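Structure file start-v7.txt (compact mmCIF, C-alpha atoms) is printed below.
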# COMPACT_ATOMS: atom_id res chain seq x y z
CA MET Q 1 -27.44 16.95 -7.26
CA THR Q 2 -24.56 19.30 -6.56
CA ALA Q 3 -23.58 21.57 -9.45
CA PRO Q 4 -20.41 20.28 -11.13
CA PHE Q 5 -18.95 23.76 -11.53
CA PRO Q 6 -19.31 25.59 -8.19
CA PRO Q 7 -18.80 29.30 -7.63
CA ASN Q 8 -15.19 30.29 -7.03
CA ALA Q 9 -15.89 31.22 -3.40
CA SER Q 10 -17.21 27.75 -2.66
CA ALA Q 11 -14.23 26.14 -4.35
CA ARG Q 12 -11.80 28.23 -2.31
CA ALA Q 13 -13.62 27.37 0.91
CA ALA Q 14 -13.53 23.66 0.10
CA ARG Q 15 -9.84 23.76 -0.75
CA SER Q 16 -8.95 25.38 2.55
CA GLY Q 17 -11.55 23.90 4.89
CA SER Q 18 -12.22 20.24 4.10
CA PRO Q 19 -10.58 17.74 6.49
CA TRP Q 20 -10.13 15.46 3.47
CA ILE Q 21 -8.12 17.87 1.34
CA ARG Q 22 -4.41 18.68 1.58
CA ARG Q 23 -2.83 21.12 -0.85
CA TRP Q 24 0.92 20.70 -1.23
CA ASN Q 25 1.83 23.67 -3.39
CA ASP Q 26 0.73 27.29 -3.59
CA ALA Q 27 -0.60 27.49 -7.13
CA PRO Q 28 -3.04 30.44 -7.33
CA ALA Q 29 -2.66 30.64 -11.12
CA SER Q 30 -2.84 26.91 -11.79
CA ARG Q 31 -4.80 25.68 -14.78
CA LEU Q 32 -4.77 21.96 -13.95
CA THR Q 33 -5.42 19.97 -10.77
CA LEU Q 34 -3.72 16.69 -9.85
CA ILE Q 35 -5.72 14.77 -7.22
CA CYS Q 36 -3.74 12.02 -5.48
CA LEU Q 37 -5.17 9.04 -3.58
CA PRO Q 38 -2.97 7.22 -0.99
CA HIS Q 39 -2.20 3.54 -0.64
CA ALA Q 40 -3.59 1.35 2.15
CA GLY Q 41 -2.33 2.70 5.46
CA GLY Q 42 -0.93 5.74 3.68
CA SER Q 43 -1.63 9.41 4.15
CA ALA Q 44 -1.81 12.57 2.08
CA GLY Q 45 1.71 13.37 3.26
CA PHE Q 46 3.05 10.59 1.03
CA TYR Q 47 2.63 13.03 -1.88
CA ARG Q 48 4.03 16.09 -0.18
CA PRO Q 49 7.54 15.71 -1.74
CA TRP Q 50 5.89 16.00 -5.16
CA ALA Q 51 5.26 19.70 -4.50
CA ALA Q 52 8.91 20.57 -5.14
CA LEU Q 53 8.63 18.87 -8.55
CA THR Q 54 5.32 20.35 -9.63
CA PRO Q 55 5.17 23.56 -11.72
CA PRO Q 56 2.84 26.43 -10.79
CA GLU Q 57 0.45 25.48 -13.60
CA VAL Q 58 -0.59 22.40 -11.61
CA GLU Q 59 -2.33 22.44 -8.24
CA LEU Q 60 -1.25 19.38 -6.24
CA VAL Q 61 -4.03 17.99 -4.03
CA ALA Q 62 -3.94 14.85 -1.89
CA LEU Q 63 -6.68 13.13 0.08
CA GLN Q 64 -6.34 12.47 3.79
CA TYR Q 65 -8.36 9.43 4.76
CA PRO Q 66 -9.73 9.27 8.33
CA GLY Q 67 -7.98 7.20 10.99
CA ARG Q 68 -4.40 8.51 10.52
CA GLU Q 69 -2.16 11.44 11.40
CA ASP Q 70 -4.26 14.51 12.23
CA ARG Q 71 -7.44 12.52 11.48
CA PHE Q 72 -6.63 9.62 13.77
CA ASP Q 73 -9.73 10.20 15.92
CA ASP Q 74 -12.09 10.46 12.94
CA PRO Q 75 -14.12 7.29 12.39
CA ALA Q 76 -12.88 5.07 9.59
CA CYS Q 77 -15.10 4.46 6.57
CA ALA Q 78 -17.01 1.19 6.64
CA ASP Q 79 -16.44 0.24 3.01
CA MET Q 80 -15.37 1.45 -0.42
CA GLY Q 81 -18.77 3.00 -1.14
CA GLU Q 82 -18.68 5.16 1.96
CA LEU Q 83 -15.08 6.19 1.31
CA VAL Q 84 -15.69 7.12 -2.33
CA THR Q 85 -18.85 9.08 -1.50
CA ALA Q 86 -16.93 11.14 1.06
CA VAL Q 87 -13.99 11.67 -1.30
CA ALA Q 88 -16.34 12.75 -4.11
CA ASP Q 89 -18.03 15.26 -1.78
CA ALA Q 90 -14.60 16.68 -0.91
CA VAL Q 91 -13.16 16.95 -4.42
CA GLN Q 92 -16.23 18.00 -6.38
CA PRO Q 93 -15.77 21.71 -5.53
CA LEU Q 94 -12.25 21.47 -7.00
CA LEU Q 95 -13.39 20.47 -10.47
CA ASP Q 96 -13.64 23.99 -11.85
CA ARG Q 97 -10.61 23.27 -14.05
CA PRO Q 98 -9.29 20.19 -15.88
CA TYR Q 99 -7.98 17.56 -13.49
CA ALA Q 100 -6.35 14.14 -13.33
CA LEU Q 101 -6.50 11.37 -10.74
CA PHE Q 102 -3.43 9.53 -9.45
CA GLY Q 103 -3.81 6.55 -7.14
CA HIS Q 104 -1.18 4.23 -5.77
CA SER Q 105 -2.11 0.64 -4.84
CA MET Q 106 -5.47 0.83 -3.04
CA GLY Q 107 -5.60 4.44 -4.22
CA SER Q 108 -5.85 3.30 -7.84
CA ALA Q 109 -9.09 1.43 -7.05
CA VAL Q 110 -10.39 4.48 -5.16
CA ALA Q 111 -9.51 6.68 -8.16
CA TRP Q 112 -11.42 4.39 -10.54
CA GLU Q 113 -14.46 4.29 -8.30
CA LEU Q 114 -14.22 8.06 -7.82
CA ALA Q 115 -14.23 8.68 -11.58
CA HIS Q 116 -17.45 6.68 -11.88
CA GLU Q 117 -19.06 8.36 -8.87
CA LEU Q 118 -18.29 11.83 -10.25
CA ALA Q 119 -19.74 10.80 -13.62
CA ARG Q 120 -22.89 9.58 -11.86
CA ARG Q 121 -23.23 13.04 -10.31
CA GLY Q 122 -22.84 14.76 -13.67
CA ALA Q 123 -19.46 16.24 -12.78
CA PRO Q 124 -16.73 16.62 -15.39
CA GLY Q 125 -14.54 13.56 -15.86
CA PRO Q 126 -10.78 13.40 -15.35
CA ARG Q 127 -8.42 14.26 -18.18
CA ARG Q 128 -6.29 11.24 -17.20
CA LEU Q 129 -6.32 8.44 -14.64
CA PHE Q 130 -2.95 7.25 -13.36
CA ALA Q 131 -3.08 3.79 -11.77
CA SER Q 132 0.02 2.79 -9.84
CA GLY Q 133 1.08 -0.53 -8.32
CA ARG Q 134 -2.16 -2.48 -8.56
CA ALA Q 135 -4.04 -4.52 -11.13
CA ALA Q 136 -7.43 -3.31 -12.27
CA PRO Q 137 -10.47 -3.59 -9.99
CA GLY Q 138 -12.04 -6.99 -10.40
CA THR Q 139 -8.74 -8.60 -11.40
CA ALA Q 140 -6.46 -7.69 -8.49
CA VAL Q 141 -5.79 -10.52 -6.05
CA THR Q 142 -7.35 -9.92 -2.63
CA GLY Q 143 -7.21 -11.83 0.63
CA GLN Q 144 -8.23 -11.65 4.28
CA LEU Q 145 -5.24 -9.84 5.74
CA HIS Q 146 -7.48 -7.42 7.61
CA ARG Q 147 -8.63 -10.38 9.73
CA GLN Q 148 -5.10 -11.53 10.59
CA ASP Q 149 -3.05 -10.69 13.67
CA ASP Q 150 -0.48 -7.92 13.87
CA ASP Q 151 2.48 -10.14 13.11
CA VAL Q 152 0.92 -11.23 9.81
CA LEU Q 153 0.17 -7.62 8.89
CA CYS Q 154 3.74 -6.62 9.69
CA ALA Q 155 5.05 -9.43 7.49
CA GLU Q 156 2.91 -8.11 4.63
CA LEU Q 157 4.28 -4.60 5.08
CA PHE Q 158 7.83 -5.96 5.00
CA ARG Q 159 6.98 -7.89 1.84
CA LEU Q 160 5.77 -4.79 0.07
CA GLY Q 161 8.48 -2.47 1.39
CA GLY Q 162 7.85 1.19 2.18
CA THR Q 163 7.58 0.79 5.97
CA SER Q 164 10.79 0.87 7.97
CA ARG Q 165 11.50 -1.81 10.56
CA GLU Q 166 12.27 0.94 13.09
CA ILE Q 167 8.66 2.15 12.91
CA LEU Q 168 7.21 -1.31 13.37
CA ASP Q 169 9.61 -2.06 16.22
CA ASP Q 170 8.25 0.93 18.16
CA PRO Q 171 5.08 -0.24 20.01
CA GLY Q 172 3.35 3.14 19.81
CA LEU Q 173 4.09 3.78 16.15
CA ARG Q 174 3.34 0.16 15.29
CA SER Q 175 -0.13 0.46 16.78
CA LEU Q 176 -0.87 3.66 14.84
CA VAL Q 177 0.36 2.23 11.54
CA LEU Q 178 -1.39 -1.12 11.86
CA THR Q 179 -4.69 0.49 12.85
CA ALA Q 180 -4.76 2.49 9.60
CA VAL Q 181 -3.51 -0.47 7.56
CA ARG Q 182 -6.17 -2.80 8.95
CA HIS Q 183 -8.94 -0.26 8.24
CA ASP Q 184 -7.81 0.15 4.64
CA TYR Q 185 -7.19 -3.53 4.00
CA ARG Q 186 -10.73 -4.22 5.13
CA ILE Q 187 -12.00 -1.71 2.55
CA ILE Q 188 -9.94 -3.01 -0.36
CA GLU Q 189 -10.31 -6.71 0.49
CA THR Q 190 -14.10 -6.47 0.73
CA HIS Q 191 -14.37 -4.30 -2.40
CA ARG Q 192 -16.51 -5.96 -5.04
CA PRO Q 193 -16.56 -3.63 -8.05
CA ARG Q 194 -19.79 -3.50 -10.04
CA ASP Q 195 -19.87 -3.89 -13.80
CA ARG Q 196 -19.87 -0.45 -15.38
CA PRO Q 197 -19.38 1.03 -18.82
CA PRO Q 198 -15.70 1.81 -19.48
CA LEU Q 199 -14.32 5.25 -18.77
CA SER Q 200 -13.57 7.59 -21.67
CA CYS Q 201 -10.29 9.00 -20.36
CA PRO Q 202 -6.82 7.55 -21.03
CA ILE Q 203 -5.42 5.34 -18.28
CA HIS Q 204 -1.70 5.33 -17.54
CA VAL Q 205 -0.43 2.36 -15.54
CA LEU Q 206 2.82 2.71 -13.57
CA THR Q 207 4.52 -0.01 -11.59
CA GLY Q 208 7.85 -1.37 -10.38
CA ASP Q 209 9.44 -4.25 -12.26
CA ALA Q 210 9.74 -6.22 -9.00
CA ASP Q 211 6.38 -5.19 -7.53
CA PRO Q 212 4.75 -8.31 -6.01
CA GLU Q 213 1.32 -6.77 -6.62
CA LEU Q 214 1.74 -5.75 -10.27
CA GLY Q 215 5.13 -6.60 -11.71
CA GLU Q 216 6.40 -6.26 -15.25
CA ALA Q 217 4.93 -9.54 -16.54
CA ARG Q 218 1.44 -8.92 -15.12
CA SER Q 219 1.40 -5.34 -16.42
CA ARG Q 220 1.77 -6.65 -19.99
CA GLU Q 221 -1.54 -8.51 -19.79
CA ARG Q 222 -4.00 -5.89 -20.98
CA ALA Q 223 -2.10 -3.37 -18.85
CA GLY Q 224 -2.89 -5.37 -15.73
CA GLY Q 225 -6.57 -5.40 -16.73
CA TRP Q 226 -6.79 -1.61 -16.93
CA ALA Q 227 -7.04 -1.60 -20.74
CA ASP Q 228 -10.51 -3.15 -20.44
CA LEU Q 229 -11.77 -0.27 -18.28
CA THR Q 230 -11.54 2.58 -20.79
CA THR Q 231 -12.41 3.26 -24.41
CA ALA Q 232 -9.37 5.52 -24.67
CA ARG Q 233 -5.69 4.68 -24.85
CA THR Q 234 -3.93 2.73 -22.10
CA GLU Q 235 -0.20 3.05 -21.52
CA VAL Q 236 2.17 1.20 -19.19
CA ARG Q 237 5.39 2.53 -17.67
CA VAL Q 238 7.53 0.04 -15.75
CA LEU Q 239 10.28 1.46 -13.54
CA PRO Q 240 12.94 -0.32 -11.50
CA GLY Q 241 11.78 -1.11 -7.98
CA ASP Q 242 9.30 -2.89 -5.73
CA HIS Q 243 5.80 -1.91 -4.67
CA PHE Q 244 7.04 1.48 -3.51
CA TYR Q 245 9.17 2.11 -6.60
CA LEU Q 246 7.71 5.60 -6.80
CA THR Q 247 9.65 6.82 -3.74
CA PRO Q 248 13.18 6.41 -5.14
CA ARG Q 249 11.85 7.12 -8.67
CA ARG Q 250 9.84 10.15 -7.63
CA ARG Q 251 11.28 12.51 -10.24
CA GLU Q 252 10.60 10.08 -13.08
CA VAL Q 253 7.06 9.42 -11.89
CA VAL Q 254 6.18 13.10 -11.56
CA ALA Q 255 7.79 13.91 -14.90
CA THR Q 256 5.74 11.15 -16.55
CA VAL Q 257 2.54 12.45 -15.00
CA LEU Q 258 3.26 16.03 -16.07
CA ARG Q 259 4.07 15.04 -19.66
CA ARG Q 260 0.85 13.07 -19.94
CA LEU Q 261 -1.17 15.90 -18.43
CA ASP Q 262 0.26 18.45 -20.86
CA PRO Q 263 3.39 18.02 -23.02
CA SER Q 264 4.29 21.66 -22.39
CA LEU Q 265 4.71 21.00 -18.66
CA SER Q 266 8.04 20.10 -17.13
CA PRO Q 267 9.23 19.59 -13.55
CA THR Q 268 10.25 22.67 -11.60
CA ALA Q 269 13.88 23.63 -11.24
CA ASP Q 270 14.07 21.79 -7.93
CA GLY Q 271 13.03 18.58 -9.67
CA ARG Q 272 15.49 18.57 -12.54
Represent the supplied structure as structure tokens.
Amino acid sequence: MTAPFPPNASARAARSGSPWIRRWNDAPASRLTLICLPHAGGSAGFYRPWAALTPPEVELVALQYPGREDRFDDPACADMGELVTAVADAVQPLLDRPYALFGHSMGSAVAWELAHELARRGAPGPRRLFASGRAAPGTAVTGQLHRQDDDVLCAELFRLGGTSREILDDPGLRSLVLTAVRHDYRIIETHRPRDRPPLSCPIHVLTGDADPELGEARSRERAGGWADLTTARTEVRVLPGDHFYLTPRRREVVATVLRRLDPSLSPTADGR
């Protein structure tokens, strides 16, 4: 079992050297770490704009899954278990300070599985888990989109928003995007979460009021199922928007996360 609190030298090496880890702000004096998990087909770069809104007390870290951007040639993970094991290996050296997990859509399920995997290893648990745009594991509706043709996948991306038509109209870009999307949809659609004891950290659910995956009405039902997955408090924040509400509402989302992490934190001057 890997020690939960590694030496500082090992932590620094992992932060700079892991192909899974992207750091989006220079925070040498940070006292908290925010670890962000992308949506299906998404990349670590989705969280890069958050760096301008994050104060120096918080180190902003995002995970780069294989099969996209600079990791396009890396083999995709076969299933959720393989993905979470690799993510846990990558982030465990970063847990030498309090941290929180933020996952959007598929990333929220990865964050939940990650919290349990880290607990299994004896690592410290997250201070908070932020679940965005998806009902709780075991209650979220899944399908077989990963088995469908490209036109069906494109229609799904249009339904959710967040992917411009110009990208999907370009044959080269379309192929790159759909390859990553299909890999990730296979992972999330074949995910069968095991029964586990609830977490002990608060869970904060964020979603758009018009999100087809987790809209305002569904989020009121036991916080989209998330309230059953922790013994601590569960909160819900509904913002205007669709599945990718957090892009136009970026400042509000980051401000919410910072306040829940520590009430003394506030967005940087660039984010006000």
I need the residue nearest Ala86 (chain Q) from this list: Q:Ser43, Q:Ser18, Q:Ala123, Q:Ala136. Use all atoms listed in the file for the distance.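 Closest to Ala86 (chain Q), using all atoms listed in the file: Q:Ser18.
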Counting only C-alpha atoms, the option among Q:Gly103, Q:Pro171, Q:Pro56, Q:Gly41 closest to His204 (chain Q): Q:Gly103
Between CA of Ala52 (chain Q) and CA of Leu32 (chain Q), what is the distance in Å, rounded to a tenth?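 For CA of Ala52 (chain Q) relative to CA of Leu32 (chain Q), the distance reads 16.3 Å.
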For CA of Thr190 (chain Q) and CA of Gln144 (chain Q), determine how far apart the two atoms are, in Å to one decimal place.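 If I compute the distance from CA of Thr190 (chain Q) to CA of Gln144 (chain Q), I get 8.6 Å.
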Best match for closeness to Thr33 (chain Q) among Q:Tyr47, Q:Tyr99, Q:Tyr245, Q:Phe158, counting all atoms listed in the file: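 For Thr33 (chain Q), the nearest of the candidates is Q:Tyr99.
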Mind pulling up the distance from CA of Ala100 (chain Q) to CA of Arg186 (chain Q)?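 CA of Arg186 (chain Q) sits 26.4 Å away from CA of Ala100 (chain Q).
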In terms of all atoms listed in the file, the residue from Q:Glu221, Q:Asp242, Q:Asp262, Q:Asp195 at minimal distance from His116 (chain Q) is Q:Asp195
Find the spatial neighbours of Gly224 (chain Q), counting all atoms listed in the file, within a cut-off of 12 Å - ignore same-chain residues fewer than 3 positions away - and output them as a PyMOL selection string. chain Q and resi 131-141+203-207+213-221+227-229+234-238
Resulting file, chosen residues, C-alpha atoms, as a PDB file, keeping the file's coordinate frame:
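Final output, saved to part_19.pdb:
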ATOM      1  CA  ALA Q 131      -3.080   3.790 -11.770  1.00  0.00           C
ATOM      2  CA  SER Q 132       0.020   2.790  -9.840  1.00  0.00           C
ATOM      3  CA  GLY Q 133       1.080  -0.530  -8.320  1.00  0.00           C
ATOM      4  CA  ARG Q 134      -2.160  -2.480  -8.560  1.00  0.00           C
ATOM      5  CA  ALA Q 135      -4.040  -4.520 -11.130  1.00  0.00           C
ATOM      6  CA  ALA Q 136      -7.430  -3.310 -12.270  1.00  0.00           C
ATOM      7  CA  PRO Q 137     -10.470  -3.590  -9.990  1.00  0.00           C
ATOM      8  CA  GLY Q 138     -12.040  -6.990 -10.400  1.00  0.00           C
ATOM      9  CA  THR Q 139      -8.740  -8.600 -11.400  1.00  0.00           C
ATOM     10  CA  ALA Q 140      -6.460  -7.690  -8.490  1.00  0.00           C
ATOM     11  CA  VAL Q 141      -5.790 -10.520  -6.050  1.00  0.00           C
ATOM     12  CA  ILE Q 203      -5.420   5.340 -18.280  1.00  0.00           C
ATOM     13  CA  HIS Q 204      -1.700   5.330 -17.540  1.00  0.00           C
ATOM     14  CA  VAL Q 205      -0.430   2.360 -15.540  1.00  0.00           C
ATOM     15  CA  LEU Q 206       2.820   2.710 -13.570  1.00  0.00           C
ATOM     16  CA  THR Q 207       4.520  -0.010 -11.590  1.00  0.00           C
ATOM     17  CA  GLU Q 213       1.320  -6.770  -6.620  1.00  0.00           C
ATOM     18  CA  LEU Q 214       1.740  -5.750 -10.270  1.00  0.00           C
ATOM     19  CA  GLY Q 215       5.130  -6.600 -11.710  1.00  0.00           C
ATOM     20  CA  GLU Q 216       6.400  -6.260 -15.250  1.00  0.00           C
ATOM     21  CA  ALA Q 217       4.930  -9.540 -16.540  1.00  0.00           C
ATOM     22  CA  ARG Q 218       1.440  -8.920 -15.120  1.00  0.00           C
ATOM     23  CA  SER Q 219       1.400  -5.340 -16.420  1.00  0.00           C
ATOM     24  CA  ARG Q 220       1.770  -6.650 -19.990  1.00  0.00           C
ATOM     25  CA  GLU Q 221      -1.540  -8.510 -19.790  1.00  0.00           C
ATOM     26  CA  ALA Q 227      -7.040  -1.600 -20.740  1.00  0.00           C
ATOM     27  CA  ASP Q 228     -10.510  -3.150 -20.440  1.00  0.00           C
ATOM     28  CA  LEU Q 229     -11.770  -0.270 -18.280  1.00  0.00           C
ATOM     29  CA  THR Q 234      -3.930   2.730 -22.100  1.00  0.00           C
ATOM     30  CA  GLU Q 235      -0.200   3.050 -21.520  1.00  0.00           C
ATOM     31  CA  VAL Q 236       2.170   1.200 -19.190  1.00  0.00           C
ATOM     32  CA  ARG Q 237       5.390   2.530 -17.670  1.00  0.00           C
ATOM     33  CA  VAL Q 238       7.530   0.040 -15.750  1.00  0.00           C
TER      34      VAL Q 238
END
Nearest to Arg251 (chain Q), chosen from Q:Pro49, Q:Pro202, Q:Gly67, Q:Gly225, with all atoms listed in the file counted in the distances: Q:Pro49
Between Q:Cys154, Q:Leu258, Q:Met106, Q:Val181, which has the minimum distance to Leu168 (chain Q) (counting all atoms listed in the file)?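 Of the candidates, the smallest distance to Leu168 (chain Q) is held by Q:Cys154.
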Residues within 10 Å of (-14.6, 7.3, -22.7), file coords, all atoms listed in the file, listed as a list in words: Gly125, Pro197, Pro198, Leu199, Ser200, Cys201, Pro202, Leu229, Thr230, Thr231, Ala232 and Arg233 of chain Q
Limit the output to N, CA, C and O atoms and give region 206-224 of chain Q as a PDB file, in the first residue's frame.
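Once written, result-v9.pdb looks like this:
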ATOM      1  N   LEU Q 206     -24.254  20.585  -8.391  1.00  0.00           N
ATOM      2  CA  LEU Q 206     -24.488  21.744  -9.241  1.00  0.00           C
ATOM      3  C   LEU Q 206     -25.050  21.269 -10.566  1.00  0.00           C
ATOM      4  O   LEU Q 206     -24.642  20.216 -11.084  1.00  0.00           O
ATOM      5  N   THR Q 207     -25.967  22.045 -11.121  1.00  0.00           N
ATOM      6  CA  THR Q 207     -26.542  21.665 -12.404  1.00  0.00           C
ATOM      7  C   THR Q 207     -27.202  22.870 -13.055  1.00  0.00           C
ATOM      8  O   THR Q 207     -27.397  23.906 -12.412  1.00  0.00           O
ATOM      9  N   GLY Q 208     -27.537  22.731 -14.338  1.00  0.00           N
ATOM     10  CA  GLY Q 208     -28.276  23.751 -15.052  1.00  0.00           C
ATOM     11  C   GLY Q 208     -29.767  23.470 -14.983  1.00  0.00           C
ATOM     12  O   GLY Q 208     -30.184  22.305 -14.978  1.00  0.00           O
ATOM     13  N   ASP Q 209     -30.571  24.519 -14.939  1.00  0.00           N
ATOM     14  CA  ASP Q 209     -32.013  24.294 -14.792  1.00  0.00           C
ATOM     15  C   ASP Q 209     -32.628  23.595 -15.999  1.00  0.00           C
ATOM     16  O   ASP Q 209     -33.670  22.959 -15.891  1.00  0.00           O
ATOM     17  N   ALA Q 210     -31.965  23.692 -17.161  1.00  0.00           N
ATOM     18  CA  ALA Q 210     -32.464  23.035 -18.370  1.00  0.00           C
ATOM     19  C   ALA Q 210     -31.572  21.872 -18.800  1.00  0.00           C
ATOM     20  O   ALA Q 210     -31.606  21.442 -19.953  1.00  0.00           O
ATOM     21  N   ASP Q 211     -30.788  21.354 -17.880  1.00  0.00           N
ATOM     22  CA  ASP Q 211     -29.898  20.228 -18.195  1.00  0.00           C
ATOM     23  C   ASP Q 211     -30.732  18.974 -18.439  1.00  0.00           C
ATOM     24  O   ASP Q 211     -31.479  18.536 -17.546  1.00  0.00           O
ATOM     25  N   PRO Q 212     -30.637  18.357 -19.628  1.00  0.00           N
ATOM     26  CA  PRO Q 212     -31.413  17.139 -19.883  1.00  0.00           C
ATOM     27  C   PRO Q 212     -30.951  15.943 -19.055  1.00  0.00           C
ATOM     28  O   PRO Q 212     -31.689  14.957 -18.914  1.00  0.00           O
ATOM     29  N   GLU Q 213     -29.756  16.009 -18.495  1.00  0.00           N
ATOM     30  CA  GLU Q 213     -29.243  14.914 -17.680  1.00  0.00           C
ATOM     31  C   GLU Q 213     -29.670  15.038 -16.217  1.00  0.00           C
ATOM     32  O   GLU Q 213     -29.988  14.045 -15.569  1.00  0.00           O
ATOM     33  N   LEU Q 214     -29.629  16.241 -15.686  1.00  0.00           N
ATOM     34  CA  LEU Q 214     -30.005  16.476 -14.287  1.00  0.00           C
ATOM     35  C   LEU Q 214     -30.540  17.901 -14.184  1.00  0.00           C
ATOM     36  O   LEU Q 214     -29.817  18.830 -13.843  1.00  0.00           O
ATOM     37  N   GLY Q 215     -31.807  18.061 -14.490  1.00  0.00           N
ATOM     38  CA  GLY Q 215     -32.415  19.380 -14.447  1.00  0.00           C
ATOM     39  C   GLY Q 215     -32.869  19.747 -13.045  1.00  0.00           C
ATOM     40  O   GLY Q 215     -32.611  19.038 -12.070  1.00  0.00           O
ATOM     41  N   GLU Q 216     -33.579  20.857 -12.954  1.00  0.00           N
ATOM     42  CA  GLU Q 216     -33.982  21.378 -11.652  1.00  0.00           C
ATOM     43  C   GLU Q 216     -34.899  20.411 -10.918  1.00  0.00           C
ATOM     44  O   GLU Q 216     -34.732  20.146  -9.721  1.00  0.00           O
ATOM     45  N   ALA Q 217     -35.887  19.835 -11.614  1.00  0.00           N
ATOM     46  CA  ALA Q 217     -36.835  18.942 -10.950  1.00  0.00           C
ATOM     47  C   ALA Q 217     -36.136  17.693 -10.410  1.00  0.00           C
ATOM     48  O   ALA Q 217     -36.346  17.289  -9.255  1.00  0.00           O
ATOM     49  N   ARG Q 218     -35.292  17.075 -11.234  1.00  0.00           N
ATOM     50  CA  ARG Q 218     -34.603  15.846 -10.807  1.00  0.00           C
ATOM     51  C   ARG Q 218     -33.651  16.132  -9.654  1.00  0.00           C
ATOM     52  O   ARG Q 218     -33.486  15.292  -8.757  1.00  0.00           O
ATOM     53  N   SER Q 219     -33.034  17.305  -9.635  1.00  0.00           N
ATOM     54  CA  SER Q 219     -32.067  17.619  -8.582  1.00  0.00           C
ATOM     55  C   SER Q 219     -32.733  17.786  -7.218  1.00  0.00           C
ATOM     56  O   SER Q 219     -32.063  17.744  -6.182  1.00  0.00           O
ATOM     57  N   ARG Q 220     -34.047  17.977  -7.196  1.00  0.00           N
ATOM     58  CA  ARG Q 220     -34.763  18.119  -5.928  1.00  0.00           C
ATOM     59  C   ARG Q 220     -35.043  16.780  -5.267  1.00  0.00           C
ATOM     60  O   ARG Q 220     -35.387  16.731  -4.081  1.00  0.00           O
ATOM     61  N   GLU Q 221     -34.931  15.699  -6.002  1.00  0.00           N
ATOM     62  CA  GLU Q 221     -35.204  14.365  -5.477  1.00  0.00           C
ATOM     63  C   GLU Q 221     -33.946  13.795  -4.822  1.00  0.00           C
ATOM     64  O   GLU Q 221     -33.090  13.204  -5.479  1.00  0.00           O
ATOM     65  N   ARG Q 222     -33.851  14.040  -3.530  1.00  0.00           N
ATOM     66  CA  ARG Q 222     -32.662  13.577  -2.781  1.00  0.00           C
ATOM     67  C   ARG Q 222     -31.386  14.043  -3.457  1.00  0.00           C
ATOM     68  O   ARG Q 222     -30.406  13.297  -3.575  1.00  0.00           O
ATOM     69  N   ALA Q 223     -31.411  15.306  -3.930  1.00  0.00           N
ATOM     70  CA  ALA Q 223     -30.256  15.898  -4.609  1.00  0.00           C
ATOM     71  C   ALA Q 223     -29.796  15.033  -5.775  1.00  0.00           C
ATOM     72  O   ALA Q 223     -28.606  14.809  -5.985  1.00  0.00           O
ATOM     73  N   GLY Q 224     -30.758  14.542  -6.563  1.00  0.00           N
ATOM     74  CA  GLY Q 224     -30.423  13.690  -7.691  1.00  0.00           C
ATOM     75  C   GLY Q 224     -29.857  12.348  -7.265  1.00  0.00           C
ATOM     76  O   GLY Q 224     -29.133  11.695  -8.021  1.00  0.00           O
TER      77      GLY Q 224
END
